file model39.cif (mmCIF, C-alpha atoms)
data_target
loop_
_atom_site.label_atom_id
_atom_site.label_comp_id
_atom_site.auth_asym_id
_atom_site.auth_seq_id
_atom_site.Cartn_x
_atom_site.Cartn_y
_atom_site.Cartn_z
CA MET H 1 70.52 -82.33 -66.66
CA LYS H 2 69.50 -78.73 -65.92
CA ALA H 3 71.77 -75.92 -67.09
CA THR H 4 72.03 -72.15 -67.14
CA ALA H 5 73.42 -70.48 -70.22
CA GLU H 6 73.97 -67.20 -72.00
CA LEU H 7 73.60 -66.97 -75.77
CA GLN H 8 74.67 -64.13 -78.02
CA VAL H 9 74.42 -64.59 -81.79
CA ILE H 10 76.15 -62.10 -84.11
CA PRO H 11 75.10 -62.02 -87.79
CA VAL H 12 78.30 -61.08 -89.64
CA GLY H 13 77.94 -59.05 -92.83
CA SER H 14 74.22 -58.37 -92.54
CA GLY H 15 74.52 -54.70 -91.61
CA VAL H 16 75.58 -52.54 -88.70
CA SER H 17 72.19 -52.96 -87.03
CA VAL H 18 71.34 -56.55 -86.14
CA ARG H 19 68.16 -55.84 -84.17
CA THR H 20 65.90 -57.77 -86.58
CA GLU H 21 67.98 -60.91 -86.18
CA VAL H 22 68.23 -60.48 -82.41
CA MET H 23 64.42 -60.17 -82.13
CA ARG H 24 64.05 -63.31 -84.26
CA ILE H 25 66.52 -65.25 -82.08
CA VAL H 26 64.72 -64.29 -78.87
CA GLY H 27 61.42 -65.22 -80.53
CA LEU H 28 62.79 -68.67 -81.33
CA LEU H 29 64.05 -69.11 -77.74
CA ARG H 30 60.60 -68.16 -76.42
CA GLN H 31 59.06 -71.12 -78.25
CA HIS H 32 60.90 -73.42 -75.86
CA ASP H 33 60.26 -74.33 -72.23
CA PHE H 34 62.99 -72.01 -70.93
CA ILE H 35 63.22 -69.29 -68.32
CA LEU H 36 64.72 -66.37 -70.25
CA GLU H 37 66.23 -63.03 -69.32
CA THR H 38 67.30 -60.75 -72.13
CA HIS H 39 69.98 -58.16 -71.46
CA ALA H 40 72.35 -55.90 -73.39
CA ALA H 41 74.95 -58.60 -74.11
CA GLY H 42 72.79 -61.65 -74.83
CA THR H 43 70.00 -63.76 -73.41
CA ASP H 44 70.34 -65.77 -70.20
CA ILE H 45 68.64 -69.17 -70.37
CA GLU H 46 67.58 -71.74 -67.77
CA GLY H 47 66.47 -75.14 -69.01
CA GLU H 48 67.53 -78.66 -69.89
CA LEU H 49 71.07 -78.80 -71.29
CA ALA H 50 69.93 -80.86 -74.30
CA ASP H 51 67.11 -78.41 -75.06
CA ILE H 52 69.43 -75.41 -74.90
CA LEU H 53 71.88 -77.03 -77.32
CA ALA H 54 69.01 -78.02 -79.65
CA ALA H 55 67.75 -74.43 -79.61
CA VAL H 56 71.20 -73.15 -80.61
CA GLN H 57 71.18 -75.50 -83.60
CA GLN H 58 67.61 -74.48 -84.50
CA ILE H 59 68.58 -70.79 -84.38
CA HIS H 60 71.52 -71.26 -86.74
CA GLN H 61 69.43 -73.34 -89.15
CA THR H 62 66.45 -70.98 -89.07
CA LEU H 63 68.41 -67.77 -89.54
CA HIS H 64 70.40 -69.27 -92.41
CA ALA H 65 67.14 -70.46 -94.03
CA GLU H 66 65.83 -66.91 -93.67
CA GLY H 67 68.84 -65.37 -95.38
CA SER H 68 71.65 -64.84 -92.85
CA VAL H 69 74.92 -65.74 -94.58
CA ARG H 70 77.27 -65.93 -91.61
CA LEU H 71 76.52 -66.42 -87.91
CA VAL H 72 78.84 -66.46 -84.92
CA SER H 73 77.41 -67.59 -81.57
CA TYR H 74 78.89 -67.11 -78.13
CA LEU H 75 77.45 -69.60 -75.64
CA LYS H 76 78.27 -69.73 -71.93
CA LEU H 77 77.00 -72.96 -70.43
CA GLU H 78 76.99 -73.94 -66.77
CA THR H 79 76.06 -77.19 -65.03
CA ARG H 80 76.61 -78.37 -61.47
CA THR H 81 75.83 -81.43 -59.41
CA ASP H 82 75.72 -79.94 -55.90
CA LYS H 83 72.43 -78.12 -56.58
CA VAL H 84 70.05 -77.36 -59.43
CA PRO H 85 71.44 -74.39 -61.40
CA THR H 86 68.95 -71.55 -61.83
CA LEU H 87 69.13 -67.99 -63.10
CA ALA H 88 67.53 -66.82 -59.85
CA GLY H 89 70.27 -68.52 -57.83
CA LYS H 90 72.98 -66.66 -59.74
CA ARG H 91 71.49 -63.21 -59.28
CA LEU H 92 73.13 -60.86 -56.78
CA MET C 1 75.43 -78.26 -91.56
CA LYS C 2 79.19 -77.91 -91.10
CA ALA C 3 80.51 -75.59 -88.39
CA THR C 4 83.72 -74.36 -86.83
CA ALA C 5 83.86 -73.87 -83.09
CA GLU C 6 86.07 -73.17 -80.12
CA LEU C 7 85.40 -74.88 -76.80
CA GLN C 8 86.90 -74.05 -73.43
CA VAL C 9 85.60 -75.83 -70.34
CA ILE C 10 86.50 -74.53 -66.87
CA PRO C 11 86.01 -76.84 -63.87
CA VAL C 12 85.11 -74.46 -61.02
CA GLY C 13 86.18 -75.45 -57.51
CA SER C 14 88.31 -78.44 -58.48
CA GLY C 15 91.67 -76.83 -57.82
CA VAL C 16 93.96 -74.21 -59.31
CA SER C 17 95.33 -76.69 -61.85
CA VAL C 18 92.72 -78.06 -64.23
CA ARG C 19 95.09 -79.94 -66.56
CA THR C 20 93.61 -83.36 -65.76
CA GLU C 21 90.14 -82.21 -66.76
CA VAL C 22 91.44 -80.43 -69.86
CA MET C 23 93.23 -83.61 -71.01
CA ARG C 24 90.03 -85.59 -70.44
CA ILE C 25 87.96 -83.09 -72.44
CA VAL C 26 90.36 -83.20 -75.39
CA GLY C 27 90.36 -86.99 -75.15
CA LEU C 28 86.57 -87.02 -75.42
CA LEU C 29 86.65 -84.65 -78.41
CA ARG C 30 89.18 -86.95 -80.13
CA GLN C 31 86.66 -89.80 -80.06
CA HIS C 32 84.56 -87.87 -82.57
CA ASP C 33 84.97 -87.30 -86.29
CA PHE C 34 86.31 -83.76 -85.84
CA ILE C 35 89.31 -81.82 -87.03
CA LEU C 36 90.81 -80.46 -83.80
CA GLU C 37 93.44 -77.87 -82.95
CA THR C 38 94.29 -77.39 -79.30
CA HIS C 39 95.73 -74.06 -78.19
CA ALA C 40 96.31 -72.11 -75.00
CA ALA C 41 92.73 -70.80 -74.69
CA GLY C 42 90.67 -73.80 -75.80
CA THR C 43 90.25 -76.30 -78.62
CA ASP C 44 89.20 -75.31 -82.13
CA ILE C 45 86.81 -77.78 -83.73
CA GLU C 46 85.64 -78.44 -87.29
CA GLY C 47 82.71 -80.80 -87.80
CA GLU C 48 78.96 -81.15 -88.09
CA LEU C 49 77.10 -78.59 -85.97
CA ALA C 50 74.92 -81.30 -84.40
CA ASP C 51 77.96 -83.42 -83.54
CA ILE C 52 79.77 -80.50 -81.91
CA LEU C 53 76.75 -79.70 -79.73
CA ALA C 54 76.35 -83.39 -78.82
CA ALA C 55 80.02 -83.52 -77.81
CA VAL C 56 79.57 -80.53 -75.51
CA GLN C 57 76.69 -82.31 -73.78
CA GLN C 58 78.72 -85.52 -73.53
CA ILE C 59 81.65 -83.64 -71.98
CA HIS C 60 79.48 -82.07 -69.28
CA GLN C 61 77.80 -85.40 -68.51
CA THR C 62 81.06 -87.38 -68.47
CA LEU C 63 83.02 -84.96 -66.29
CA HIS C 64 80.16 -84.70 -63.81
CA ALA C 65 79.92 -88.51 -63.70
CA GLU C 66 83.66 -88.60 -63.00
CA GLY C 67 83.43 -86.16 -60.11
CA SER C 68 83.48 -82.58 -61.39
CA VAL C 69 80.98 -80.59 -59.33
CA ARG C 70 80.69 -77.42 -61.41
CA LEU C 71 81.53 -76.80 -65.07
CA VAL C 72 81.40 -73.62 -67.11
CA SER C 73 81.85 -73.91 -70.89
CA TYR C 74 82.62 -71.16 -73.36
CA LEU C 75 81.64 -72.14 -76.89
CA LYS C 76 82.20 -70.03 -79.99
CA LEU C 77 80.23 -71.45 -82.91
CA GLU C 78 80.34 -70.34 -86.52
CA THR C 79 78.29 -71.35 -89.55
CA ARG C 80 77.99 -69.82 -93.00
CA THR C 81 76.12 -70.56 -96.21
CA ASP C 82 78.43 -68.91 -98.76
CA LYS C 83 81.12 -71.58 -98.35
CA VAL C 84 81.95 -74.57 -96.16
CA PRO C 85 83.52 -73.28 -92.92
CA THR C 86 86.87 -74.89 -92.12
CA LEU C 87 89.62 -74.26 -89.58
CA ALA C 88 92.13 -74.12 -92.44
CA GLY C 89 90.12 -71.39 -94.13
CA LYS C 90 90.21 -69.23 -91.01
CA ARG C 91 93.96 -69.44 -90.49
CA LEU C 92 96.09 -66.41 -91.38
CA MET Z 1 85.36 -43.33 -76.72
CA LYS Z 2 82.21 -44.72 -75.09
CA ALA Z 3 81.74 -48.50 -74.96
CA THR Z 4 79.38 -51.14 -73.70
CA ALA Z 5 80.80 -54.30 -72.22
CA GLU Z 6 80.04 -57.46 -70.32
CA LEU Z 7 82.47 -58.77 -67.72
CA GLN Z 8 82.48 -62.18 -66.07
CA VAL Z 9 85.37 -63.13 -63.80
CA ILE Z 10 85.83 -66.75 -62.71
CA PRO Z 11 88.11 -67.48 -59.74
CA VAL Z 12 89.61 -70.91 -60.54
CA GLY Z 13 90.44 -73.18 -57.63
CA SER Z 14 88.85 -71.07 -54.91
CA GLY Z 15 85.85 -73.34 -54.31
CA VAL Z 16 82.63 -74.35 -56.01
CA SER Z 17 80.87 -71.22 -54.76
CA VAL Z 18 82.38 -67.98 -56.02
CA ARG Z 19 79.72 -65.61 -54.68
CA THR Z 20 82.12 -63.77 -52.36
CA GLU Z 21 84.46 -62.94 -55.24
CA VAL Z 22 81.55 -61.98 -57.52
CA MET Z 23 80.19 -59.58 -54.88
CA ARG Z 24 83.67 -58.07 -54.50
CA ILE Z 25 84.03 -57.61 -58.29
CA VAL Z 26 80.67 -55.85 -58.56
CA GLY Z 27 81.62 -53.70 -55.58
CA LEU Z 28 84.80 -52.64 -57.36
CA LEU Z 29 82.87 -51.85 -60.56
CA ARG Z 30 80.43 -49.71 -58.55
CA GLN Z 31 83.30 -47.43 -57.47
CA HIS Z 32 83.58 -46.24 -61.07
CA ASP Z 33 81.44 -43.87 -63.10
CA PHE Z 34 79.69 -46.70 -64.97
CA ILE Z 35 76.11 -47.66 -65.69
CA LEU Z 36 75.94 -51.29 -64.51
CA GLU Z 37 73.45 -54.10 -64.89
CA THR Z 38 74.22 -57.34 -63.09
CA HIS Z 39 72.70 -60.56 -64.46
CA ALA Z 40 73.17 -64.29 -64.13
CA ALA Z 41 76.12 -64.52 -66.55
CA GLY Z 42 78.08 -61.38 -65.73
CA THR Z 43 77.77 -57.63 -65.38
CA ASP Z 44 76.91 -55.35 -68.30
CA ILE Z 45 78.84 -52.07 -68.25
CA GLU Z 46 78.43 -48.73 -70.01
CA GLY Z 47 81.26 -46.22 -69.76
CA GLU Z 48 84.46 -44.94 -71.29
CA LEU Z 49 86.45 -47.69 -73.02
CA ALA Z 50 89.66 -46.72 -71.18
CA ASP Z 51 87.87 -46.75 -67.81
CA ILE Z 52 86.37 -50.19 -68.43
CA LEU Z 53 89.78 -51.64 -69.32
CA ALA Z 54 91.35 -49.96 -66.26
CA ALA Z 55 88.63 -51.48 -64.06
CA VAL Z 56 89.37 -54.95 -65.42
CA GLN Z 57 93.04 -54.53 -64.49
CA GLN Z 58 92.10 -53.18 -61.04
CA ILE Z 59 89.83 -56.18 -60.43
CA HIS Z 60 92.56 -58.70 -61.29
CA GLN Z 61 95.10 -56.86 -59.14
CA THR Z 62 92.75 -56.41 -56.18
CA LEU Z 63 91.46 -59.98 -56.09
CA HIS Z 64 94.98 -61.38 -56.34
CA ALA Z 65 96.09 -59.05 -53.51
CA GLU Z 66 93.17 -60.38 -51.46
CA GLY Z 67 94.11 -64.01 -52.01
CA SER Z 68 92.69 -65.26 -55.31
CA VAL Z 69 95.32 -67.47 -56.93
CA ARG Z 70 93.93 -67.80 -60.47
CA LEU Z 71 91.46 -65.59 -62.32
CA VAL Z 72 89.95 -65.97 -65.77
CA SER Z 73 87.95 -63.05 -67.17
CA TYR Z 74 85.57 -63.03 -70.11
CA LEU Z 75 85.09 -59.55 -71.51
CA LYS Z 76 82.75 -58.63 -74.35
CA LEU Z 77 83.49 -55.11 -75.55
CA GLU Z 78 81.54 -53.10 -78.10
CA THR Z 79 82.21 -49.71 -79.69
CA ARG Z 80 80.61 -47.97 -82.66
CA THR Z 81 80.95 -44.69 -84.49
CA ASP Z 82 77.44 -44.31 -85.94
CA LYS Z 83 75.90 -43.58 -82.53
CA VAL Z 84 76.83 -43.58 -78.85
CA PRO Z 85 76.61 -47.15 -77.56
CA THR Z 86 74.42 -47.53 -74.46
CA LEU Z 87 73.03 -50.46 -72.51
CA ALA Z 88 69.56 -48.95 -72.88
CA GLY Z 89 69.92 -48.91 -76.66
CA LYS Z 90 70.73 -52.62 -76.75
CA ARG Z 91 67.75 -53.72 -74.69
CA LEU Z 92 64.84 -55.39 -76.50
CA MET S 1 101.53 -58.50 -63.78
CA LYS S 2 101.95 -61.02 -66.59
CA ALA S 3 98.84 -62.41 -68.27
CA THR S 4 97.73 -64.73 -71.02
CA ALA S 5 94.79 -63.75 -73.18
CA GLU S 6 92.80 -64.55 -76.26
CA LEU S 7 91.39 -61.77 -78.42
CA GLN S 8 88.83 -62.05 -81.18
CA VAL S 9 87.48 -58.87 -82.78
CA ILE S 10 84.38 -59.03 -85.00
CA PRO S 11 83.65 -56.07 -87.31
CA VAL S 12 79.84 -55.99 -87.50
CA GLY S 13 78.29 -54.75 -90.72
CA SER S 14 81.49 -54.53 -92.75
CA GLY S 15 80.81 -57.56 -94.94
CA VAL S 16 80.69 -61.33 -94.71
CA SER S 17 84.47 -61.57 -95.07
CA VAL S 18 86.41 -59.84 -92.32
CA ARG S 19 89.89 -61.04 -93.30
CA THR S 20 91.21 -57.54 -94.01
CA GLU S 21 90.28 -56.36 -90.52
CA VAL S 22 91.64 -59.54 -88.91
CA MET S 23 94.99 -59.08 -90.69
CA ARG S 24 95.09 -55.47 -89.52
CA ILE S 25 94.35 -56.46 -85.91
CA VAL S 26 97.12 -59.07 -85.88
CA GLY S 27 99.45 -56.51 -87.44
CA LEU S 28 98.69 -54.09 -84.61
CA LEU S 29 99.28 -56.80 -82.00
CA ARG S 30 102.65 -57.62 -83.61
CA GLN S 31 103.85 -54.06 -82.93
CA HIS S 32 103.83 -54.87 -79.22
CA ASP S 33 106.18 -56.90 -77.07
CA PHE S 34 103.87 -59.92 -76.98
CA ILE S 35 104.21 -63.61 -77.66
CA LEU S 36 101.38 -64.29 -80.14
CA GLU S 37 99.74 -67.40 -81.54
CA THR S 38 97.06 -66.91 -84.16
CA HIS S 39 94.44 -69.63 -84.58
CA ALA S 40 91.05 -70.09 -86.18
CA ALA S 41 89.07 -68.48 -83.34
CA GLY S 42 91.30 -65.57 -82.35
CA THR S 43 94.84 -64.71 -81.30
CA ASP S 44 96.41 -65.98 -78.07
CA ILE S 45 98.57 -63.37 -76.35
CA GLU S 46 101.22 -63.50 -73.62
CA GLY S 47 102.41 -60.23 -72.13
CA GLU S 48 101.91 -57.64 -69.43
CA LEU S 49 98.25 -57.29 -68.43
CA ALA S 50 98.37 -53.48 -68.83
CA ASP S 51 99.93 -53.79 -72.30
CA ILE S 52 97.29 -56.28 -73.47
CA LEU S 53 94.47 -54.00 -72.33
CA ALA S 54 96.16 -50.98 -73.97
CA ALA S 55 96.45 -52.95 -77.22
CA VAL S 56 92.73 -53.76 -77.15
CA GLN S 57 91.95 -50.06 -76.83
CA GLN S 58 94.42 -49.19 -79.61
CA ILE S 59 92.80 -51.78 -81.91
CA HIS S 60 89.30 -50.36 -81.39
CA GLN S 61 90.52 -46.78 -81.92
CA THR S 62 92.62 -47.63 -84.99
CA LEU S 63 89.96 -49.70 -86.77
CA HIS S 64 87.31 -47.07 -86.15
CA ALA S 65 89.70 -44.38 -87.47
CA GLU S 66 90.20 -46.53 -90.57
CA GLY S 67 86.47 -46.88 -91.22
CA SER S 68 85.03 -49.74 -89.16
CA VAL S 69 81.64 -48.61 -87.87
CA ARG S 70 80.95 -51.28 -85.24
CA LEU S 71 83.34 -53.59 -83.41
CA VAL S 72 82.67 -56.35 -80.91
CA SER S 73 85.65 -57.86 -79.08
CA TYR S 74 85.79 -61.09 -77.11
CA LEU S 75 88.70 -61.10 -74.67
CA LYS S 76 89.65 -64.01 -72.42
CA LEU S 77 92.16 -62.87 -69.81
CA GLU S 78 94.01 -65.03 -67.31
CA THR S 79 96.31 -64.13 -64.43
CA ARG S 80 97.68 -66.22 -61.57
CA THR S 81 99.95 -65.73 -58.61
CA ASP S 82 101.26 -69.28 -58.11
CA LYS S 83 103.40 -69.14 -61.26
CA VAL S 84 104.02 -66.92 -64.27
CA PRO S 85 101.30 -67.59 -66.83
CA THR S 86 102.63 -68.44 -70.29
CA LEU S 87 101.09 -69.70 -73.51
CA ALA S 88 103.66 -72.52 -73.53
CA GLY S 89 102.54 -73.62 -70.07
CA LYS S 90 98.94 -73.94 -71.19
CA ARG S 91 99.66 -76.09 -74.24
CA LEU S 92 98.82 -79.79 -74.09
#
call {"tool": "encode", "arguments": {"input": "model39.cif", "output": "structure tokens"}}
result
Amino acid sequence: MKATAELQVIPVGSGVSVRTEVMRIVGLLRQHDFILETHAAGTDIEGELADILAAVQQIHQTLHAEGSVRLVSYLKLETRTDKVPTLAGKRL
Amino acid sequence: MKATAELQVIPVGSGVSVRTEVMRIVGLLRQHDFILETHAAGTDIEGELADILAAVQQIHQTLHAEGSVRLVSYLKLETRTDKVPTLAGKRL
Amino acid sequence: MKATAELQVIPVGSGVSVRTEVMRIVGLLRQHDFILETHAAGTDIEGELADILAAVQQIHQTLHAEGSVRLVSYLKLETRTDKVPTLAGKRL
Amino acid sequence: MKATAELQVIPVGSGVSVRTEVMRIVGLLRQHDFILETHAAGTDIEGELADILAAVQQIHQTLHAEGSVRLVSYLKLETRTDKVPTLAGKRL
């Protein structure tokens, strides 16, 4: 099942600037077969629902392995059966 | 890896009242080995990160199979390495 | 106080397609003195914190007055004192 | 206009534990004429839409004045015209 999503991951307690972690997260997402659009409040994702969820797990595991102590993710996830959901189709 | 989460699923276009779908979603969550706390803005979940993500996928697939045309989920997900995250530990 | 934000408004029960309402919401945001960036999962906003919150209230009131029965908004709001928050500064 | 809401405020860069800030935020909310329910992923709020939005602004201003450098808030906001929205009415 295809899905569109938005992911924002906040490292808590790692400093006021979280740019290093954000760059790492986007780098991990780019290893997958997704269409991605980064913006100021997260990264929009188009791909298979199962792959998106697996990427979220991989991001938490990888960042913890690399030293992040606490991570909070905000995931918006959308699926529909009347047509294939795409990022392009949701743009104004 | 243990996680705490909050899940809210909105069926879009199925009517102003979404209580039937919300009851179904909580029923699906209860089939898993989670600690759950329902509240007015979603359901808080404590469990294995992989199991929580699998449950989200199952909920989308099941509700679509049962007739929901469009679903938007809002998932907050938290993991930490300094201690085991629990719902009880986050209560005031 | 300056803020950056992301707003997504979901009309519940108004149909599977919510494009008309989304266009109306963005039109209302454009009447304000904001920097806006629309994307697939909402609209990113840069402006005064008080103005952003006033716009959210205006959107709920206007859409209800125009016939929307139920509205759920998801607002991410960020402020900081070490520098002026901007959408441009959060881009990768 | 009455509304129900959920507010979660994350202080970024203030340490792995944010309990002090969370207690302060709930204390500020309790000064208002709201019905409140705290839970593991935020605080559910019932009250006037304008009052809820004013409280969010007050929380950002107060925590910054007390030393928080960066704050990210996640606000879910719901209004409806077919009946008065209440936290009690959304419980299962």
call {"tool": "atom_distance", "arguments": {"input": "model39.cif", "atom1": "atom CA of Ala40 of chain C", "atom2": "atom CA of Ala3 of chain Z"}}
result
27.7 Å
call {"tool": "interface_residues", "arguments": {"input": "model39.cif", "of": "chain S", "to": "chain Z", "cutoff": "6 Å", "atoms": "only C-alpha atoms", "output": "list in words"}}
result
Val69, Arg70, Leu71, Val72, Ser73, Tyr74, Leu75, Lys76, Leu77, Glu78, Thr79, Arg80 and Thr81 of chain S
call {"tool": "axis_aligned_box", "arguments": {"input": "model39.cif", "around": "segment 83-90 of chain C", "padding_each_side": "8 Å", "output": "JSON"}}
result
{"center_x": 86.6, "center_y": -72.1, "center_z": -94.0, "size_x": 27.0, "size_y": 21.7, "size_z": 24.8}
call {"tool": "resolve_selection", "arguments": {"input": "model39.cif", "expression": "the PyMOL selection byres ((chain S and resi 91) around 6)", "output": "ChimeraX atom specification"}}
result
/C:39-40 /S:88-90,92
call {"tool": "write_last_selection", "arguments": {"input": "model39.cif", "atoms": "C-alpha atoms", "output": "PDB file, in the coordinates of the input"}}
result
ATOM      1  CA  HIS C  39      95.730 -74.060 -78.190  1.00  0.00           C
ATOM      2  CA  ALA C  40      96.310 -72.110 -75.000  1.00  0.00           C
TER       3      ALA C  40
ATOM      4  CA  ALA S  88     103.660 -72.520 -73.530  1.00  0.00           C
ATOM      5  CA  GLY S  89     102.540 -73.620 -70.070  1.00  0.00           C
ATOM      6  CA  LYS S  90      98.940 -73.940 -71.190  1.00  0.00           C
ATOM      7  CA  LEU S  92      98.820 -79.790 -74.090  1.00  0.00           C
TER       8      LEU S  92
END
call {"tool": "residues_near_point", "arguments": {"input": "model39.cif", "point": "(78.4, -52.3, -65.0)", "cutoff": "8 Å", "atoms": "only C-alpha atoms", "output": "ChimeraX atom specification"}}
result
/Z:5-6,26,29-30,34-38,43-46
call {"tool": "atom_distance", "arguments": {"input": "model39.cif", "atom1": "atom CA of Val18 of chain S", "atom2": "atom CA of Ser14 of chain H"}}
result
12.3 Å
call {"tool": "atom_distance", "arguments": {"input": "model39.cif", "atom1": "atom CA of Thr86 of chain S", "atom2": "atom CA of Arg24 of chain C"}}
result
21.3 Å
